[in-house]
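Enquirer: Please read through the structure below; I'll follow up with questions.
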2 protein chains.
Amino acid sequence: MLNEKTIKSLTISNDKKIILLVIDGLGGLEKNGLTELEKANIPNMDALCKDSACGLLYPVDIGITPGSGPAHLSLFGYDPLKYNIGRGILEALGIDVNVGNNDIACRGNFVTIENGVITDRRAGRIPTEKNEELCTLLSSQIKEIDGVKISIYPGKEHRLVVIFSKENIHGYITDTDPQKTGVPPLHSTPITEESSFLAEVVNKFTKQVQEILKNEHPANGITLRGITPYPKIPSMEELFKLKSAAIATYPMYRGLAKLVGMTLLDAGNTIEDELNALKKHYNEYTFFYFHIKKTDSYGEDGDYDKKIHILEETDKIIPEIRKLNPDVFVITGDHSTPAVMKGHSFHPNPVIVYSHLMRKDSVDKFTEFACNQGTLGHMYSKDLMQLMLASALKLKKYGA
Amino acid sequence: MLNEKTIKSLTISNDKKIILLVIDGLGGLEKNGLTELEKANIPNMDALCKDSACGLLYPVDIGITPGSGPAHLSLFGYDPLKYNIGRGILEALGIDVNVGNNDIACRGNFVTIENGVITDRRAGRIPTEKNEELCTLLSSQIKEIDGVKISIYPGKEHRLVVIFSKENIHGYITDTDPQKTGVPPLHSTPITEESSFLAEVVNKFTKQVQEILKNEHPANGITLRGITPYPKIPSMEELFKLKSAAIATYPMYRGLAKLVGMTLLDAGNTIEDELNALKKHYNEYTFFYFHIKKTDSYGEDGDYDKKIHILEETDKIIPEIRKLNPDVFVITGDHSTPAVMKGHSFHPNPVIVYSHLMRKDSVDKFTEFACNQGTLGHMYSKDLMQLMLASALKLKKYGA
């Protein structure tokens, strides 16, 4: 991929429309000789292959299994090794907490402290209702420390998210979670000089929480980790001159889209709802990120049949999307989630790039094996954006 | 490939076993329409293809013909453009001289000097026996200079290796070999400031050698080139958490393996001996580098038929290796050595990656042409390590 300065100098704005359909965890592995895509009955995607150029995409690098953050940023045209989104930010995005430039987000655990040391790093996995009750209590008593606004959000069981907000705050500090029992929560220390203020605030916060919860049991303390500032990422508008919108039902993906400046559309809860959102707002944007989540969820569960079912459900909306007549229509995955592996994997994802400017190939099936023979060959996900922009005539000539 | 810091943060240690079979100079070119691999009868490698993912590997870069050093380092997972092993070190490794962190190695020539200038850069290619005799003489009279230990080893004909050893010695200095006749041996000069001490020692050494050999003829002087310190390369243990062993019969390859921290197994002299070493030590390591040399030697000789014969000999041990049931079994070459070219070439090498986690493809012949259709596509050799580690579940997820 070109560097950001160069790509920025080449992009031009026009009305042509790009739809990027991301089927989460798309790629699979053989079970009884067939991958999920090979087993699925997906005639509309197969037909799209015939009118398109196909290939395989490495999400981050050969052999590397990515998390959702780097896997998506790549598809959005960002170098996933340059922009590594911190865990705290991702956790906040995942529970739909609004984070921005002046926020430092942390993952937190309620813990059990006895005689000054942690005896249970998860406070006996307290029920989520208890977690919510404790977060409400803490929120009512700790609103700010030294001018830093504190926001506390319950997650599931013992997990929570804490946001420290102040204009221009620096946030590179160490965790307070010692990752073991038998020791007290750690004092946070600054990693950069400018972050010493935040480290002090975090240490005061930890102390105040312990004071407020001293009569609680088993959740009478807190640890924080993955403490990270909101990443500074140039927007898709700035880099690519795209007016972009996200259609995604899960908080994490809406959050990732927001990171790169997409407008979040009301996507409802179902694939049908998402399709309706696309139709409704089709005239308003030039780039649509359309996310299908459950292929990944069922892959993670090891449920080969249900993953196939979602592929087939997704296939049904393809004709509807094609009716909109997009200039560029891409179908791919962020990473593979083979049901037989019950998790993300390193395997490349098949990709279809439909545009009347793409050279057609002989691929007529949307499978890992068939796409390997496609005219796009093997690419990195981060290079896809340039191809989408080019196919939509949104890139000027480089050099004279 | 990821940078070393990142890959190091992702690698995990487990018991899964990787065997990397390197058939030196594997790739070929057509003679009467068939490459060496296309002509060879290698049913066991063909069968392995059917159970594996296949592709082609560029040793260093497109169009670049590599020496053995960079070609092997790439396969071991190191960027061959970052770690350029000096000629002096490679020459020392090639004659089985033990070099380490405090050694500066040089290639040397015995030369003829008349009236102060070099008249023959190879001293009439004196017999190796004479070379050995002169090295013994020099070794007995020059043991150290200014606290620097000097070790002198005969090579073939006029060639020798000289090692300068001292703790923390700096070794970036210029050659004393002027690469032409009619001039005296050059004074070595430091390339870095810290290396001025070594340059002085080398210049004193050259003078002492000339004094000792003044009554000899034609070998009455010495020149040194490729003067290089032992490279600082992180070990495979450090980077990849592999317990690695090398099975190689030739000194150069054992030396390269030692550079990256492999344990050198007693590999005997024949392919059969090597196989026995693998079997004997199979339980002790998680990574085995298994080297077949003579395909390259016959390729260099331009002996198409004998290169094919070694391919067929190698094919016979494949079932024995598969019986060990390795988690990952890779067969490839370090570089191509087409017999019709009588030397290393720039052509990519076919590669087989066998693992139950690889997506299978339709390749059923181990040839350059068939592997080109494989699901691995075209890769760089340096990226192979990530794929081997991933297939052995030795890599954590990147990002959340």
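Order determines the names: the first chain of the structure tokens is A, the second B, and so forth; residues in each chain are numbered 1 upward, and ligands are numbered 1 upward as they are shown.
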Just want the 9 Å neighbourhood of B:Tyr253, counted on only C-alpha atoms, with same-chain residues fewer than 2 positions away dropped. Output as a PyMOL selection string.

Expert: chain B and resi 68-69+72+93-94+246+248-251+255-258+291

Enquirer: Among stretch 50-269 of chain A, which residues does DSSP mark as strand (DSSP E) when it is run on the backbone? Keep the chain and numbering as in the structure and answer as number ranges by chain.

Expert: A: 53-58, 103-114, 117-120, 144-145, 148-154, 159-165, 221-229, 244-247, 263-264

Enquirer: My list of candidates is B:Gly374, B:Ile7, B:Ile42, B:Glu211. Which is closest to A:Thr65 when distances are computed with only C-alpha atoms?

Expert: B:Ile7

Enquirer: Tell me, in Å to one decimal, how far atom CA of B:Glu114 is from atom CA of B:Asp175.

Expert: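 Computing the Euclidean distance for atom CA of B:Glu114 and atom CA of B:Asp175 yields 20.3 Å.
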
Enquirer: Near chain A, which residues of chain B fall within 6 Å when you count only C-alpha atoms, and what do they look like as a PyMOL selection string?

Expert: chain B and resi 375+386-387+390+397-400

Enquirer: Can you write just those residues out, C-alpha atoms, as a CSV table (one decimal), in the first residue's frame?

Expert:
```csv
chain,number,residue,atom,x,y,z
B,375,THR,CA,-3.1,-22.4,-2.6
B,386,GLN,CA,5.3,-17.6,10.2
B,387,LEU,CA,3.3,-20.1,8.2
B,390,ALA,CA,0.9,-20.9,12.6
B,397,LYS,CA,-3.6,-13.8,17.9
B,398,TYR,CA,-2.4,-10.3,16.9
B,399,GLY,CA,-4.5,-7.5,18.4
B,400,ALA,CA,-8.0,-7.9,20.0
```

Enquirer: Using only C-alpha atoms, find the one residue out of A:Gly221, A:Arg359, A:Val353, A:Asn98 that sits nearest to A:Asn115.

Expert: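 For A:Asn115, the nearest of the given residues is A:Gly221.
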
Enquirer: From the set A:Pro231, A:Gly299, A:Gly268, A:Gly333, which residue has the shortest atom-to-atom contact distance to A:Val99, counting only C-alpha atoms?

Expert: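 Among the listed residues, A:Pro231 lies closest to A:Val99.
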
Enquirer: Tell me which protein, DNA and RNA residues are within 6 Å of stretch 139-152 of chain A, counting only C-alpha atoms, leaving out same-chain ones fewer than 2 positions away, and put them as a PDB file with C-alpha atoms, in the first residue's frame.

Expert:
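Output file out19.pdb is given in full below:
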```
ATOM      1  CA  CYS A 135     -20.815   0.550  39.089  1.00  0.00           C
ATOM      2  CA  THR A 136     -23.825   2.712  39.935  1.00  0.00           C
ATOM      3  CA  LEU A 137     -22.525   3.092  43.487  1.00  0.00           C
ATOM      4  CA  VAL A 161     -14.745  -0.303  31.645  1.00  0.00           C
ATOM      5  CA  VAL A 162     -13.396   2.887  33.166  1.00  0.00           C
ATOM      6  CA  ILE A 163     -12.880   6.047  31.130  1.00  0.00           C
ATOM      7  CA  PHE A 164     -10.678   8.928  32.290  1.00  0.00           C
ATOM      8  CA  SER A 165     -11.501  12.101  30.346  1.00  0.00           C
ATOM      9  CA  LYS A 166      -9.742  15.452  30.194  1.00  0.00           C
TER      10      LYS A 166
END
```

Enquirer: Env of stretch 307-310 of chain B: 8 Å cut, atoms = only C-alpha atoms, seq-sep filter 3 positions within chain, self excluded. Answer as an mmCIF file with N, CA, C and O atoms, in the first residue's frame.

Expert:
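For reference, result37.cif as written:
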```cif
data_model
loop_
_atom_site.group_PDB
_atom_site.id
_atom_site.type_symbol
_atom_site.label_atom_id
_atom_site.label_comp_id
_atom_site.auth_asym_id
_atom_site.auth_seq_id
_atom_site.Cartn_x
_atom_site.Cartn_y
_atom_site.Cartn_z
ATOM 1 N N GLU B 36 14.342 -30.697 -13.874
ATOM 2 C CA GLU B 36 14.821 -31.845 -13.105
ATOM 3 C C GLU B 36 13.679 -32.499 -12.316
ATOM 4 O O GLU B 36 13.529 -33.718 -12.290
ATOM 5 N N LEU B 37 12.843 -31.648 -11.659
ATOM 6 C CA LEU B 37 11.733 -32.187 -10.865
ATOM 7 C C LEU B 37 10.694 -32.869 -11.753
ATOM 8 O O LEU B 37 10.071 -33.861 -11.351
ATOM 9 N N LYS B 39 11.282 -34.432 -14.543
ATOM 10 C CA LYS B 39 11.847 -35.683 -15.041
ATOM 11 C C LYS B 39 11.968 -36.730 -13.934
ATOM 12 O O LYS B 39 11.866 -37.933 -14.195
ATOM 13 N N ALA B 40 12.194 -36.284 -12.732
ATOM 14 C CA ALA B 40 12.467 -37.217 -11.627
ATOM 15 C C ALA B 40 11.242 -38.071 -11.290
ATOM 16 O O ALA B 40 10.104 -37.613 -11.405
ATOM 17 N N LYS B 294 23.537 -32.516 -2.155
ATOM 18 C CA LYS B 294 24.123 -32.844 -3.460
ATOM 19 C C LYS B 294 23.290 -32.447 -4.679
ATOM 20 O O LYS B 294 23.813 -32.404 -5.797
ATOM 21 N N THR B 295 21.998 -32.165 -4.484
ATOM 22 C CA THR B 295 21.214 -31.629 -5.598
ATOM 23 C C THR B 295 21.868 -30.349 -6.115
ATOM 24 O O THR B 295 21.983 -30.128 -7.323
ATOM 25 N N ASP B 296 22.313 -29.521 -5.193
ATOM 26 C CA ASP B 296 22.971 -28.271 -5.576
ATOM 27 C C ASP B 296 24.326 -28.543 -6.229
ATOM 28 O O ASP B 296 24.658 -27.950 -7.262
ATOM 29 N N SER B 297 25.103 -29.451 -5.633
ATOM 30 C CA SER B 297 26.437 -29.731 -6.176
ATOM 31 C C SER B 297 26.342 -30.195 -7.632
ATOM 32 O O SER B 297 27.081 -29.721 -8.493
ATOM 33 N N TYR B 298 25.417 -31.128 -7.899
ATOM 34 C CA TYR B 298 25.288 -31.623 -9.273
ATOM 35 C C TYR B 298 24.702 -30.554 -10.189
ATOM 36 O O TYR B 298 25.045 -30.492 -11.373
ATOM 37 N N GLY B 299 23.807 -29.728 -9.648
ATOM 38 C CA GLY B 299 23.301 -28.608 -10.437
ATOM 39 C C GLY B 299 24.438 -27.689 -10.851
ATOM 40 O O GLY B 299 24.538 -27.278 -12.013
ATOM 41 N N ASP B 303 25.191 -31.254 -14.083
ATOM 42 C CA ASP B 303 24.856 -32.676 -14.248
ATOM 43 C C ASP B 303 23.369 -32.929 -13.956
ATOM 44 O O ASP B 303 22.977 -33.264 -12.834
ATOM 45 N N TYR B 304 22.577 -32.750 -14.986
ATOM 46 C CA TYR B 304 21.117 -32.874 -14.914
ATOM 47 C C TYR B 304 20.709 -34.243 -14.377
ATOM 48 O O TYR B 304 19.876 -34.346 -13.471
ATOM 49 N N GLU B 313 16.696 -40.223 -4.682
ATOM 50 C CA GLU B 313 17.205 -40.778 -3.412
ATOM 51 C C GLU B 313 16.480 -40.127 -2.233
ATOM 52 O O GLU B 313 16.111 -40.795 -1.269
ATOM 53 N N THR B 314 16.336 -38.801 -2.328
ATOM 54 C CA THR B 314 15.675 -38.071 -1.244
ATOM 55 C C THR B 314 14.220 -38.514 -1.118
ATOM 56 O O THR B 314 13.691 -38.663 -0.009
ATOM 57 N N ALA B 339 20.508 -27.255 -13.632
ATOM 58 C CA ALA B 339 21.707 -27.854 -14.226
ATOM 59 C C ALA B 339 22.098 -27.130 -15.512
ATOM 60 O O ALA B 339 23.279 -26.940 -15.785
#
```

Enquirer: Between atom CA of B:Leu393 and atom CA of B:Thr11, what distance in Å does the model show, to one decimal?

Expert: 9.1 Å

Enquirer: Going by DSSP on the backbone, which bits of stretch 65-209 of chain B are alpha helix (DSSP H)? Write them as a VMD selection string, please.

Expert: chain B and resid 68 to 75 87 to 94 128 to 141 196 to 209

Enquirer: Please provide as a ChimeraX atom specification all residues within 12 Å of A:Phe76, with the sequence filter that same-chain residues fewer than 3 positions apart are discarded (counting only C-alpha atoms).

Expert: /A:18-22,59,69-73,79-80,83,233-237,239-240,242,244-246,253,256-262,287-290,334,380-389

Enquirer: Check the smallest atom-to-atom distance from each of A:Ile95, A:Leu357, A:Leu48, A:Leu2 to A:Gly77 using only C-alpha atoms, then report the winner.

Expert: A:Leu2
